[in-house]
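Novice: Just structure-v7.txt, nothing more (compact mmCIF, C-alpha atoms):
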```txt
# COMPACT_ATOMS: atom_id res chain seq x y z
CA MET A 149 -30.96 -100.68 321.82
CA ASP A 150 -33.92 -98.65 320.55
CA LYS A 151 -33.46 -96.33 317.62
CA PHE A 152 -32.41 -92.91 318.83
CA ASP A 153 -34.81 -90.01 318.20
CA VAL A 154 -33.18 -86.56 318.51
CA GLU A 155 -36.60 -85.03 319.18
CA ASP A 156 -37.31 -87.46 322.02
CA PRO A 157 -33.95 -88.69 323.39
CA LEU A 158 -35.41 -90.17 326.57
CA THR A 159 -37.85 -92.46 324.76
CA SER A 160 -37.87 -96.03 326.07
CA LEU A 161 -35.37 -95.27 328.83
CA ASP A 162 -36.44 -96.95 332.07
CA GLY A 163 -37.10 -94.52 334.88
CA HIS A 164 -37.70 -91.56 332.57
CA GLN A 165 -41.21 -92.24 331.37
CA SER A 166 -42.72 -89.86 333.91
CA ASP A 167 -41.85 -86.18 334.12
CA THR A 168 -39.85 -86.39 330.90
CA ILE A 169 -39.75 -82.62 330.40
CA SER A 170 -38.18 -82.04 333.78
CA ALA A 171 -35.64 -84.78 333.06
CA LEU A 172 -34.70 -83.10 329.76
CA PHE A 173 -34.02 -79.74 331.35
CA SER A 174 -32.12 -81.21 334.29
CA SER A 175 -29.92 -83.39 332.06
CA GLU A 176 -29.16 -81.12 329.11
CA SER A 177 -25.94 -79.73 330.58
CA ASP A 178 -24.44 -83.23 330.51
CA HIS A 179 -24.63 -83.14 326.72
CA MET A 180 -22.85 -79.83 326.20
CA PRO A 181 -19.15 -79.10 325.63
CA SER A 182 -17.07 -78.27 328.69
CA TYR A 183 -17.20 -74.91 330.44
CA ASN A 184 -14.00 -73.50 328.94
CA TYR A 185 -14.57 -74.71 325.37
CA PHE A 186 -16.15 -71.46 324.24
CA GLN A 187 -13.32 -69.42 325.74
CA CYS A 188 -10.80 -71.69 324.03
CA LEU A 189 -12.42 -71.03 320.66
CA LYS A 190 -12.24 -67.29 321.34
CA THR A 191 -8.49 -67.38 321.99
CA SER A 192 -7.12 -70.25 319.88
CA ASP A 193 -6.95 -70.01 316.11
CA PHE A 194 -5.97 -73.67 315.99
CA TYR A 195 -9.17 -74.89 317.63
CA VAL A 196 -11.30 -72.55 315.52
CA SER A 197 -9.69 -73.94 312.36
CA PHE A 198 -9.94 -77.51 313.64
CA ARG A 199 -13.66 -77.14 314.36
CA GLN A 200 -14.28 -75.44 311.02
CA GLU A 201 -12.49 -78.23 309.17
CA ALA A 202 -14.36 -80.92 311.13
CA ILE A 203 -17.80 -79.42 310.44
CA SER A 204 -16.91 -78.97 306.78
CA LEU A 205 -16.06 -82.69 306.54
CA ILE A 206 -19.23 -83.69 308.40
CA LEU A 207 -21.38 -81.61 306.05
CA GLN A 208 -19.74 -83.30 303.06
CA ALA A 209 -21.20 -86.59 304.30
CA GLN A 210 -24.59 -85.32 303.11
CA TYR A 211 -23.37 -85.69 299.55
CA SER A 212 -20.89 -88.57 299.82
CA SER A 213 -22.84 -90.81 302.22
CA ASN A 214 -26.45 -89.53 301.99
CA LEU A 215 -26.61 -88.75 305.70
CA ASP A 216 -29.62 -86.78 306.91
CA PRO A 217 -29.13 -83.40 308.66
CA TYR A 218 -30.11 -84.81 312.06
CA THR A 219 -27.33 -87.40 311.93
CA GLN A 220 -24.87 -84.71 310.91
CA TYR A 221 -26.03 -82.50 313.78
CA LEU A 222 -25.50 -85.39 316.20
CA ALA A 223 -21.98 -85.94 314.82
CA VAL A 224 -21.18 -82.24 315.33
CA ASN A 225 -22.43 -82.54 318.93
CA TYR A 226 -20.12 -85.51 319.54
CA MET A 227 -17.21 -83.67 317.92
CA ASP A 228 -17.68 -80.48 319.97
CA ARG A 229 -17.96 -82.40 323.22
CA PHE A 230 -14.91 -84.52 322.43
CA ILE A 231 -12.52 -81.70 321.57
CA SER A 232 -13.76 -79.71 324.57
CA TRP A 233 -12.49 -82.48 326.86
CA GLN A 234 -9.55 -83.69 324.79
CA GLU A 235 -6.39 -81.76 324.03
CA ILE A 236 -5.78 -82.05 320.29
CA PRO A 237 -2.08 -82.31 319.35
CA GLN A 238 -1.05 -79.93 316.59
CA GLY A 239 0.94 -80.91 313.52
CA ASN A 240 -1.13 -84.04 312.78
CA PRO A 241 -3.63 -83.03 310.07
CA TRP A 242 -5.05 -86.54 309.82
CA ILE A 243 -6.53 -86.37 313.34
CA VAL A 244 -9.45 -84.19 312.28
CA ARG A 245 -10.47 -86.70 309.60
CA LEU A 246 -10.17 -89.69 311.92
CA LEU A 247 -12.25 -87.90 314.56
CA VAL A 248 -14.90 -86.91 312.00
CA ILE A 249 -15.22 -90.46 310.69
CA ALA A 250 -15.57 -91.80 314.23
CA CYS A 251 -18.21 -89.21 315.17
CA ILE A 252 -20.23 -89.78 312.00
CA SER A 253 -20.01 -93.54 312.50
CA LEU A 254 -21.26 -93.28 316.10
CA ALA A 255 -24.08 -90.92 315.09
CA ALA A 256 -25.11 -93.27 312.26
CA LYS A 257 -25.15 -96.22 314.66
CA MET A 258 -27.37 -94.30 317.07
CA LYS A 259 -29.75 -93.45 314.22
CA GLU A 260 -29.48 -96.98 312.76
CA ILE A 261 -28.28 -95.58 309.44
CA HIS A 262 -25.72 -97.29 307.22
CA PHE A 263 -22.42 -95.44 306.95
CA SER A 264 -19.53 -96.71 304.82
CA PHE A 265 -16.05 -95.75 306.03
CA SER A 266 -14.47 -96.52 302.68
CA ASP A 267 -17.02 -94.66 300.56
CA PHE A 268 -16.76 -91.53 302.68
CA GLN A 269 -12.96 -91.56 302.61
CA THR A 270 -12.76 -92.28 298.90
CA ASN A 271 -15.18 -89.51 297.97
CA ASN A 272 -13.50 -87.11 300.37
CA ILE A 273 -10.06 -87.72 298.90
CA LYS A 274 -11.41 -86.90 295.43
CA VAL A 275 -12.50 -83.50 296.76
CA ARG A 276 -9.31 -82.82 298.74
CA GLN A 277 -6.40 -83.96 296.62
CA ARG A 278 -3.87 -82.42 299.02
CA ASP A 279 -4.74 -85.11 301.60
CA GLU A 280 -4.45 -87.98 299.15
CA GLY A 281 -3.37 -91.16 300.89
CA PHE A 282 -4.98 -90.38 304.25
CA MET A 283 -7.00 -93.57 304.66
CA PHE A 284 -7.95 -95.34 307.88
CA ASP A 285 -8.70 -99.03 308.40
CA PRO A 286 -11.64 -100.24 310.54
CA PRO A 287 -9.52 -101.09 313.63
CA ALA A 288 -8.14 -97.54 313.76
CA ILE A 289 -11.62 -96.07 313.37
CA GLN A 290 -13.07 -98.36 316.02
CA ARG A 291 -10.34 -97.40 318.47
CA MET A 292 -11.06 -93.73 317.83
CA GLU A 293 -14.74 -94.44 318.48
CA LEU A 294 -13.80 -95.85 321.88
CA LEU A 295 -11.83 -92.70 322.68
CA VAL A 296 -14.86 -90.59 321.79
CA LEU A 297 -17.16 -92.79 323.86
CA ASP A 298 -14.81 -92.52 326.81
CA ALA A 299 -14.55 -88.72 326.54
CA LEU A 300 -18.35 -88.43 326.36
CA ASN A 301 -18.83 -90.87 329.25
CA TRP A 302 -20.93 -92.99 326.88
CA ARG A 303 -23.68 -90.34 326.86
CA MET A 304 -24.63 -90.80 323.23
CA ARG A 305 -28.39 -90.10 323.41
CA SER A 306 -27.62 -86.41 323.13
CA ILE A 307 -30.12 -83.85 324.33
CA THR A 308 -30.19 -81.25 321.56
CA PRO A 309 -32.36 -78.20 320.75
CA PHE A 310 -34.66 -80.52 318.78
CA SER A 311 -35.51 -82.29 322.03
CA PHE A 312 -37.39 -79.20 323.24
CA ILE A 313 -39.25 -78.18 320.07
CA THR A 314 -42.46 -80.11 320.80
CA PHE A 315 -42.60 -78.84 324.37
CA PHE A 316 -42.20 -75.17 323.47
CA VAL A 317 -44.62 -75.43 320.54
CA SER A 318 -47.25 -76.79 322.94
CA LEU A 319 -47.03 -73.52 324.88
CA PHE A 320 -48.26 -71.61 321.82
CA GLN A 321 -51.56 -73.52 321.68
CA LEU A 322 -51.81 -73.32 317.91
CA LYS A 323 -55.02 -74.81 316.48
CA ASP A 324 -53.93 -75.25 312.87
CA PRO A 325 -51.68 -78.32 312.29
CA PRO A 326 -50.19 -76.97 309.00
CA LEU A 327 -49.19 -73.74 310.73
CA THR A 328 -47.71 -75.70 313.62
CA GLN A 329 -45.68 -77.81 311.21
CA ALA A 330 -44.51 -74.72 309.32
CA LEU A 331 -43.33 -73.23 312.61
CA LYS A 332 -41.44 -76.39 313.58
CA ASP A 333 -39.88 -76.69 310.12
CA ARG A 334 -38.60 -73.12 310.15
CA ALA A 335 -37.25 -73.46 313.70
CA THR A 336 -35.52 -76.70 312.69
CA ASN A 337 -33.82 -74.99 309.74
CA ILE A 338 -32.61 -72.19 312.02
CA ILE A 339 -31.15 -74.75 314.44
CA PHE A 340 -29.32 -76.48 311.61
CA GLN A 341 -27.94 -73.13 310.51
CA ALA A 342 -26.88 -72.29 314.07
CA ARG A 343 -24.65 -75.35 314.46
CA ASN A 344 -21.86 -73.50 312.65
CA GLU A 345 -21.98 -70.45 314.92
CA ILE A 346 -19.35 -70.38 317.64
CA ASN A 347 -21.24 -67.59 319.43
CA LEU A 348 -24.16 -69.94 320.07
CA LEU A 349 -22.10 -72.69 321.69
CA GLU A 350 -22.41 -71.04 325.09
CA PHE A 351 -26.19 -71.54 325.23
CA LYS A 352 -27.96 -74.62 326.53
CA PRO A 353 -29.91 -76.73 324.00
CA SER A 354 -33.22 -75.63 325.52
CA ILE A 355 -32.27 -71.95 325.09
CA ILE A 356 -31.33 -72.54 321.46
CA GLY A 357 -34.57 -74.43 320.82
CA ALA A 358 -36.72 -71.73 322.45
CA SER A 359 -34.89 -68.93 320.62
CA ALA A 360 -35.20 -70.68 317.26
CA LEU A 361 -38.95 -71.08 317.75
CA LEU A 362 -39.34 -67.43 318.76
CA LEU A 363 -37.40 -66.32 315.69
CA ALA A 364 -39.55 -68.58 313.50
CA CYS A 365 -42.65 -67.04 315.09
CA HIS A 366 -41.29 -63.56 314.50
CA GLU A 367 -40.87 -64.38 310.80
CA LEU A 368 -44.06 -66.35 310.19
CA PHE A 369 -46.57 -64.92 312.68
CA PRO A 370 -45.45 -61.36 313.53
CA LEU A 371 -48.84 -60.37 314.93
CA GLN A 372 -48.89 -63.32 317.34
CA PHE A 373 -45.24 -62.94 318.30
CA PRO A 374 -45.82 -60.96 321.55
CA SER A 375 -48.09 -63.67 322.96
CA PHE A 376 -45.69 -66.42 321.86
CA GLU A 377 -42.81 -64.57 323.46
CA THR A 378 -44.72 -64.23 326.73
CA SER A 379 -45.51 -67.96 326.71
CA VAL A 380 -41.87 -68.95 326.34
CA LEU A 381 -40.36 -66.39 328.70
CA SER A 382 -42.85 -67.25 331.44
CA CYS A 383 -41.86 -70.92 331.31
CA GLU A 384 -40.40 -72.02 334.64
CA TYR A 385 -37.53 -73.91 332.97
CA VAL A 386 -35.98 -71.08 330.93
CA ASN A 387 -33.79 -68.10 331.75
CA GLU A 388 -35.44 -65.07 330.17
CA GLU A 389 -32.19 -63.12 329.83
CA LYS A 390 -30.42 -66.00 328.10
CA VAL A 391 -33.32 -66.61 325.73
CA MET A 392 -33.34 -63.00 324.58
CA GLU A 393 -29.55 -62.94 324.26
CA CYS A 394 -29.63 -66.09 322.14
CA PHE A 395 -32.60 -64.76 320.13
CA ASN A 396 -30.64 -61.61 319.23
CA GLU A 397 -27.61 -63.66 318.18
CA MET A 398 -29.79 -65.87 315.98
CA GLN A 399 -31.56 -62.92 314.43
CA GLU A 400 -28.21 -61.38 313.52
CA MET A 401 -27.11 -64.72 312.09
CA VAL A 402 -30.21 -65.00 309.89
CA ASN A 403 -29.96 -61.38 308.76
CA ASN A 404 -26.32 -61.83 307.81
CA GLU A 405 -27.15 -65.02 305.95
CA MET A 406 -29.88 -63.21 304.05
CA SER A 407 -27.53 -60.39 303.12
CA GLU A 408 -24.89 -62.85 301.99
CA SER A 409 -27.48 -64.72 299.91
CA ILE A 410 -28.46 -61.52 298.12
CA VAL A 411 -24.84 -60.72 297.35
CA ASP A 412 -24.30 -64.29 296.21
CA MET A 413 -27.26 -64.12 293.85
CA VAL A 414 -25.76 -61.03 292.24
CA SER A 415 -22.39 -62.69 291.74
CA SER A 416 -23.69 -66.19 290.94
CA SER A 417 -22.80 -65.86 287.29
CA SER A 418 -19.11 -65.98 288.13
CA SER A 419 -19.08 -68.53 290.97
CA MET A 420 -21.32 -70.95 292.82
CA ARG A 421 -21.51 -70.93 296.62
CA THR A 422 -20.97 -74.28 298.32
CA PRO A 423 -21.84 -75.46 301.83
CA VAL A 424 -18.12 -75.20 302.62
CA SER A 425 -17.95 -71.52 301.66
CA VAL A 426 -21.04 -70.76 303.73
CA LEU A 427 -19.44 -72.54 306.69
CA ASP A 428 -16.23 -70.52 306.24
CA CYS A 429 -18.20 -67.28 306.41
CA HIS A 430 -20.05 -68.33 309.54
CA CYS A 431 -17.03 -69.61 311.42
CA SER A 432 -15.01 -66.52 310.54
CA LYS A 433 -17.83 -64.28 311.78
CA SER A 434 -18.28 -66.27 314.95
CA GLU A 435 -14.57 -66.14 315.79
CA ASN A 436 -14.68 -62.34 315.84
CA GLU A 437 -17.93 -61.92 317.74
CA GLY A 438 -17.68 -64.29 320.75
CA THR A 439 -19.40 -63.67 324.10
CA ASN A 440 -18.86 -64.94 327.63
CA SER A 441 -19.33 -68.67 328.20
CA THR A 442 -21.99 -70.10 330.52
CA MET A 443 -21.51 -73.81 329.88
CA ALA A 444 -22.05 -76.32 332.60
CA ALA A 445 -19.04 -78.65 332.87
CA THR A 446 -15.40 -77.99 333.72
CA VAL A 447 -12.21 -79.67 332.58
CA THR A 448 -9.73 -80.50 335.29
CA PRO A 449 -5.98 -80.67 334.46
CA GLU A 450 -5.96 -84.33 335.53
CA ASN A 451 -8.79 -85.29 333.12
CA ARG A 452 -7.22 -83.40 330.24
CA GLU A 453 -3.81 -85.03 330.82
CA ILE A 454 -5.29 -88.54 330.95
CA LYS A 455 -7.22 -88.01 327.72
CA ARG A 456 -4.23 -86.30 326.07
CA ARG A 457 -2.07 -89.36 326.66
CA LYS A 458 -4.71 -91.60 325.07
CA LEU A 459 -4.82 -89.61 321.84
CA LYS A 460 -1.06 -89.13 321.84
CA GLY A 461 -0.73 -92.89 321.31
CA PHE A 462 -2.18 -92.39 317.83
CA CYS A 463 0.37 -89.67 317.04
CA ASN A 464 3.41 -91.59 318.28
CA GLN A 465 2.65 -94.73 316.27
CA SER A 466 1.76 -92.84 313.10
CA SER A 467 4.74 -90.47 313.00
CA THR A 468 6.89 -92.84 310.92
CA MET A 469 4.25 -94.35 308.65
CA LYS A 470 1.55 -93.33 306.22
CA ILE A 471 -1.94 -92.99 307.56
CA SER A 472 -3.04 -95.88 305.35
CA GLN A 473 -0.62 -98.06 307.32
CA PHE A 474 -1.70 -96.78 310.71
CA GLN A 475 -2.37 -99.35 313.40
CA PRO A 476 -4.04 -98.40 316.72
CA CYS A 477 -1.87 -98.60 319.81
CA GLU A 478 -2.42 -101.36 322.33
```
If you convert what's in this file into structure tokens, what do you get?
Specialist:
Amino acid sequence: MDKFDVEDPLTSLDGHQSDTISALFSSESDHMPSYNYFQCLKTSDFYVSFRQEAISLILQAQYSSNLDPYTQYLAVNYMDRFISWQEIPQGNPWIVRLLVIACISLAAKMKEIHFSFSDFQTNNIKVRQRDEGFMFDPPAIQRMELLVLDALNWRMRSITPFSFITFFVSLFQLKDPPLTQALKDRATNIIFQARNEINLLEFKPSIIGASALLLACHELFPLQFPSFETSVLSCEYVNEEKVMECFNEMQEMVNNEMSESIVDMVSSSSSMRTPVSVLDCHCSKSENEGTNSTMAATVTPENREIKRRKLKGFCNQSSTMKISQFQPCE
């Protein structure tokens, strides 16, 4: 299998060499969470907390396992899609960690990056003493990986907002390579920041990519912004209303982050802000400011029940033993 490139997910796939852009736009909905996931996050404190905890653990991999932001973003995509199709049983705090390890492992394999189960778990336990003893052996992790693969229908070459950056930048017809790179870099940072925002989960990857580029243009090239905006909104593949709605959400997100950064600078003498505290702020904000979902897939009761029984096997076998002794069910 060829190394996966989040900016060009269809590379080297037979049958997709021609008309790649059209294929990206037509396939992106297959790589989003289910239709009712966003609504679930609006109404369920449990799923909001579960997602917040999962992203917090994934972000810690940057420090404990030296994972790059793209691999982390891919792991978050896998996690969101999995829990949107899979009912998560409550009262089993170890499930979030097992799921995170499986999603990071799958993302690392797609990116051909080394990821050590043991190193990640050991470093994580040092940070979270309350979960001391929650360790998983390779067979348990591999079985969880299979559950994730099954829930995602083995669609692991995720189409993300990064997949559309090059296409939308080409619409701007910039002549200066350094300026083009600066625009892409800023848009990329905005997309990374947006992964924590529940409000943005309802938008397709192409809408998020287009909105991030427009916001980057608005910041870096304010005089050229009107022409850039016209170029994007006139594109046959995008929904103008959705782009502007997403753009406004992102602009509010960036403004809030800037305000929080200023406050943090003032109070930095007494405490240091961590990625986890930033995530907490974003997830808390997003929980209170949700909008209507427009995602593409739906979860049928039959699918949810089948997948629930699969994960329940983990819970039943682990209820009388420590996680370090957990063995995957047959």
Novice: Distance CA of Leu371 (chain A)-CA of Met398 (chain A), one decimal place?
Specialist: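 Between these atoms lies a distance of 19.9 Å.
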Novice: Just the number, please: distance in Å from CA of Leu222 (chain A) to CA of His179 (chain A), one decimal.
Specialist: 10.8 Å
Novice: Skipping near chain neighbours, those fewer than 2 positions away, what residues fall within 12 Å of His366 (chain A) using all atoms listed in the file, listed as an MDAnalysis selection string?
Specialist: chainID A and resid 331 334:335 359:364 368:377 395:396 398:399
Novice: Could you tell me which of A:Leu254, A:Val386, A:Val224, A:Ala358 comes closest to Leu294 (chain A) if we count only C-alpha atoms?
Specialist: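 Closest to Leu294 (chain A), using only C-alpha atoms: A:Leu254.
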Novice: Show me, as lines of an AutoDock Vina configuration file, the centre and edge lengths in Å to one decimal of the axis-aligned box that covers every listed atom of region 317-324 of chain A with 8 Å on each side.
Specialist:
```
center_x = -49.8
center_y = -74.2
center_z = 318.9
size_x = 26.4
size_y = 21.2
size_z = 28.0
```
Novice: Which is closer to Ile346 (chain A) than all the others in A:Phe263, A:Tyr195, A:Phe320, A:Phe230, using only C-alpha atoms?
Specialist: A:Tyr195
Novice: I need the residue nearest Ser177 (chain A) from this list: A:Glu397, A:Glu350, A:Glu260, A:Glu408. Use only C-alpha atoms for the distance.
Specialist: A:Glu350
Novice: Name all residues at most 8 Å from Ile249 (chain A) (count only C-alpha atoms; drop same-chain ones fewer than 3 positions away) and give them as a ChimeraX atom specification.
Specialist: /A:245-246,252-253,265,289
Novice: For a test of reading the model, state the distance in Å between CA of Met283 (chain A) and CA of Lys257 (chain A), rounded to one decimal.
Specialist: 20.9 Å
Novice: Calculated over all atoms listed in the file, which of the candidates A:Gln220, A:Asn225, A:Gln329, A:Ser382 has the smallest distance to Gln208 (chain A)?
Specialist: A:Gln220
Novice: Considering only C-alpha atoms, can you say which of A:Phe340, A:Phe198, A:Trp242, A:Phe173 comes closest to Val402 (chain A)?
Specialist: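 Once distances to Val402 (chain A) are computed over only C-alpha atoms, the minimum belongs to A:Phe340.
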Novice: From the list A:Asn214, A:Thr336, A:Thr219, A:Asn387, which residue is nearest Ile355 (chain A) when using all atoms listed in the file?
Specialist: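 Between A:Asn214, A:Thr336, A:Thr219, A:Asn387, the residue approaching Ile355 (chain A) most closely is A:Asn387.
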Novice: For Glu400 (chain A), find every residue with an atom within 12 Å (counting all atoms listed in the file), except residues of its own chain fewer than 3 positions away, and show them as number ranges by chain.
Specialist: A: 338, 342, 345, 347-348, 363, 393-397, 403-407, 430, 433-434, 437
Novice: Okay, now the selection with C-alpha atoms, as an mmCIF file, keeping the file's coordinate frame?
Specialist:
```
data_model
loop_
_atom_site.group_PDB
_atom_site.id
_atom_site.type_symbol
_atom_site.label_atom_id
_atom_site.label_comp_id
_atom_site.auth_asym_id
_atom_site.auth_seq_id
_atom_site.Cartn_x
_atom_site.Cartn_y
_atom_site.Cartn_z
ATOM 1 C CA ILE A 338 -32.610 -72.190 312.020
ATOM 2 C CA ALA A 342 -26.880 -72.290 314.070
ATOM 3 C CA GLU A 345 -21.980 -70.450 314.920
ATOM 4 C CA ASN A 347 -21.240 -67.590 319.430
ATOM 5 C CA LEU A 348 -24.160 -69.940 320.070
ATOM 6 C CA LEU A 363 -37.400 -66.320 315.690
ATOM 7 C CA GLU A 393 -29.550 -62.940 324.260
ATOM 8 C CA CYS A 394 -29.630 -66.090 322.140
ATOM 9 C CA PHE A 395 -32.600 -64.760 320.130
ATOM 10 C CA ASN A 396 -30.640 -61.610 319.230
ATOM 11 C CA GLU A 397 -27.610 -63.660 318.180
ATOM 12 C CA ASN A 403 -29.960 -61.380 308.760
ATOM 13 C CA ASN A 404 -26.320 -61.830 307.810
ATOM 14 C CA GLU A 405 -27.150 -65.020 305.950
ATOM 15 C CA MET A 406 -29.880 -63.210 304.050
ATOM 16 C CA SER A 407 -27.530 -60.390 303.120
ATOM 17 C CA HIS A 430 -20.050 -68.330 309.540
ATOM 18 C CA LYS A 433 -17.830 -64.280 311.780
ATOM 19 C CA SER A 434 -18.280 -66.270 314.950
ATOM 20 C CA GLU A 437 -17.930 -61.920 317.740
#
```
